[in-house]
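Trainee: The following block contains the structure, expressed as structure tokens.
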Amino acid sequence: MRIKAHKLDGVEYRAAANIGSEIVPTIVVLHDTAGPLTKGSSASYLASKNTAGVSVHFVVETDGTITQLVPVNRRANHAGASIYHGREYCNAFSIGIEIINPGRMEPVEARDGIVRGRAWWGQLFEDPVGILGLVRKATPQHGDGVWMPYPQAQLESVVALLSALFDKILTLEAITTHWYVSPGRKVDVNPLFPLDQVRARVLGDHHPEDADAIEASEPAPAQQEVQVAAAGGLNLRSWPSWNPNVITSIPDCTVLPVLRSGTFNGRLWHRVIYGGREGWILASYTKPMSNKEA
Ligand SMILES: [Zn+2]
């Protein structure tokens, strides 16, 4: 995908009624529509001169169809009262993506073991054969609810859209969520959204330090594995250094496939895969697995 005149090539554009002044976007805020799943209904509402005055740059349908409503260099009204690392009113410096999803649903108790949830507009979602994959889950950020996972086609479109945006808009720095910038007020995206994986897929290859480290390291022997030996867990890092580049903490005793190894600043690092993400760990906090002896 390319961006021409601040519109994404190959994506349907229908102008929203609420398009604000020019902005320089530095973050992308991900949302759930928290509305019906009917294709086009949320896009029509968000494009309209709605009484809430809301608008958004992109809508991603459950089948992966993307519609753009606001040019990426113009302000849309998607985040409301919000703050990102000290900067208030994120609409002034963010691109908004609305993902079609019912949002939080009220759990409906039943004795048959089938997960059911009632959306705020009254629609009952139930999942007798498990196709929707409805899950009841509580997190500190979201509270308790029944949630619908995002179909793969929709997630692939979100990743493709984010990748195109980060490729073309050099001011963009981070992918965040409405619950993160409006804590206590908003719970979207829902707790089933694979935020870490999406971030890793979009941003993972964008660290020049990582690319340099891959160049300067050697492929590991096939099937090489190490086991984490660090009681408090071991940090998986975007590139081999102690900069603030932690992707996640890997629990003690986790066995990891090693992709590459290299010495940086006098220390041996391994590039490994953990939770679907590639990153770097310090070899001195691992022990080799004596493979296939059992
Ligand atoms: Zn939102």
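Residue numbering restarts at 1 in every chain; chains get A, B, ... in the order shown in the structure tokens, and ligands count up from 1 in that same order.
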10 Å from ligand 1 is the threshold here; counting only C-alpha atoms and all ligand atoms, which polymer residues fall inside it? Answer as a compact mmCIF listing (two decimals) with N, CA and C atoms, in the first residue's frame.
Mentor:
```txt
# COMPACT_ATOMS: atom_id res chain seq x y z
N VAL A 29 -3.59 5.07 17.50
CA VAL A 29 -4.46 4.59 18.58
C VAL A 29 -5.44 3.57 18.00
N LEU A 30 -5.42 2.36 18.57
CA LEU A 30 -6.31 1.29 18.13
C LEU A 30 -7.58 1.29 18.97
N HIS A 31 -8.73 1.13 18.29
CA HIS A 31 -10.04 1.12 18.95
C HIS A 31 -10.84 -0.10 18.52
N ASP A 32 -11.84 -0.45 19.36
CA ASP A 32 -12.96 -1.29 18.93
C ASP A 32 -14.12 -0.36 18.64
N THR A 33 -14.94 -0.72 17.65
CA THR A 33 -16.14 0.08 17.40
C THR A 33 -17.15 -0.08 18.53
N ALA A 34 -17.10 -1.22 19.24
CA ALA A 34 -18.12 -1.52 20.26
C ALA A 34 -19.51 -1.28 19.68
N VAL A 56 -12.87 9.06 12.50
CA VAL A 56 -11.66 8.24 12.65
C VAL A 56 -11.00 8.11 11.29
N HIS A 78 -11.41 10.72 17.67
CA HIS A 78 -11.58 9.31 18.04
C HIS A 78 -11.17 9.02 19.48
N ALA A 79 -10.29 9.81 20.07
CA ALA A 79 -9.74 9.43 21.37
C ALA A 79 -10.36 10.19 22.55
N GLY A 80 -10.92 11.37 22.32
CA GLY A 80 -11.50 12.14 23.43
C GLY A 80 -10.45 12.48 24.47
N GLY A 96 -6.18 7.32 14.16
CA GLY A 96 -7.10 6.38 14.81
C GLY A 96 -7.53 5.28 13.86
N ILE A 97 -7.53 4.05 14.38
CA ILE A 97 -8.03 2.91 13.62
C ILE A 97 -9.14 2.26 14.43
N GLU A 98 -10.34 2.21 13.86
CA GLU A 98 -11.48 1.53 14.51
C GLU A 98 -11.57 0.11 13.95
N ILE A 99 -11.51 -0.86 14.85
CA ILE A 99 -11.62 -2.26 14.46
C ILE A 99 -13.03 -2.73 14.83
N GLY A 103 -16.90 -5.18 21.40
CA GLY A 103 -16.43 -4.59 22.65
C GLY A 103 -16.86 -5.43 23.85
N THR A 177 -3.24 1.89 22.40
CA THR A 177 -4.67 1.54 22.42
C THR A 177 -5.46 2.62 23.16
N HIS A 178 -6.78 2.59 22.93
CA HIS A 178 -7.62 3.58 23.60
C HIS A 178 -7.58 3.37 25.12
N TRP A 179 -7.55 2.07 25.57
CA TRP A 179 -7.51 1.85 27.03
C TRP A 179 -6.22 2.39 27.64
N VAL A 181 -4.49 5.12 26.56
CA VAL A 181 -4.46 6.59 26.60
C VAL A 181 -5.64 7.19 27.37
N SER A 182 -6.69 6.39 27.58
CA SER A 182 -7.84 6.85 28.38
C SER A 182 -8.13 5.84 29.48
N ARG A 185 -11.51 4.96 31.61
CA ARG A 185 -12.65 5.49 30.86
C ARG A 185 -12.99 4.61 29.67
N LYS A 186 -11.96 3.99 29.08
CA LYS A 186 -12.15 3.19 27.88
C LYS A 186 -11.49 1.82 28.05
N VAL A 187 -12.07 0.79 27.42
CA VAL A 187 -11.51 -0.56 27.55
C VAL A 187 -11.11 -1.16 26.19
N ASP A 188 -11.18 -0.35 25.12
CA ASP A 188 -10.81 -0.89 23.82
C ASP A 188 -9.34 -0.56 23.50
N VAL A 189 -8.65 -1.49 22.77
CA VAL A 189 -9.15 -2.72 22.18
C VAL A 189 -9.33 -3.77 23.28
```
Trainee: Can you measure atom CA of Thr67 of chain A to atom CA of Glu12 of chain A for me? One decimal in Å is fine.
Mentor: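 According to the coordinates, atom CA of Thr67 of chain A and atom CA of Glu12 of chain A are separated by 5.1 Å.
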Trainee: Hey, what's within 8 Å of Val272 of chain A if we count only C-alpha atoms and toss same-chain stuff fewer than 6 positions away? As a ChimeraX atom specification, please?
Mentor: /A:256-260,278-281
Trainee: Looking at A:Glu88, A:Asp127, A:Asp252, A:Glu156, which one is nearest to Arg201 of chain A, with distances taken over only C-alpha atoms?
Mentor: A:Glu156
Trainee: So, counting only C-alpha atoms, which residue among A:Arg116, A:Leu8, A:Val108, A:Pro71 is closest to Ser163 of chain A?
Mentor: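 Using only C-alpha atoms, the shortest distance to Ser163 of chain A belongs to A:Leu8.
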Trainee: Quick one, how far is atom CA of Asn50 of chain A from atom CA of Ala17 of chain A?
Mentor: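 Going from atom CA of Asn50 of chain A over to atom CA of Ala17 of chain A, I get 8.1 Å.
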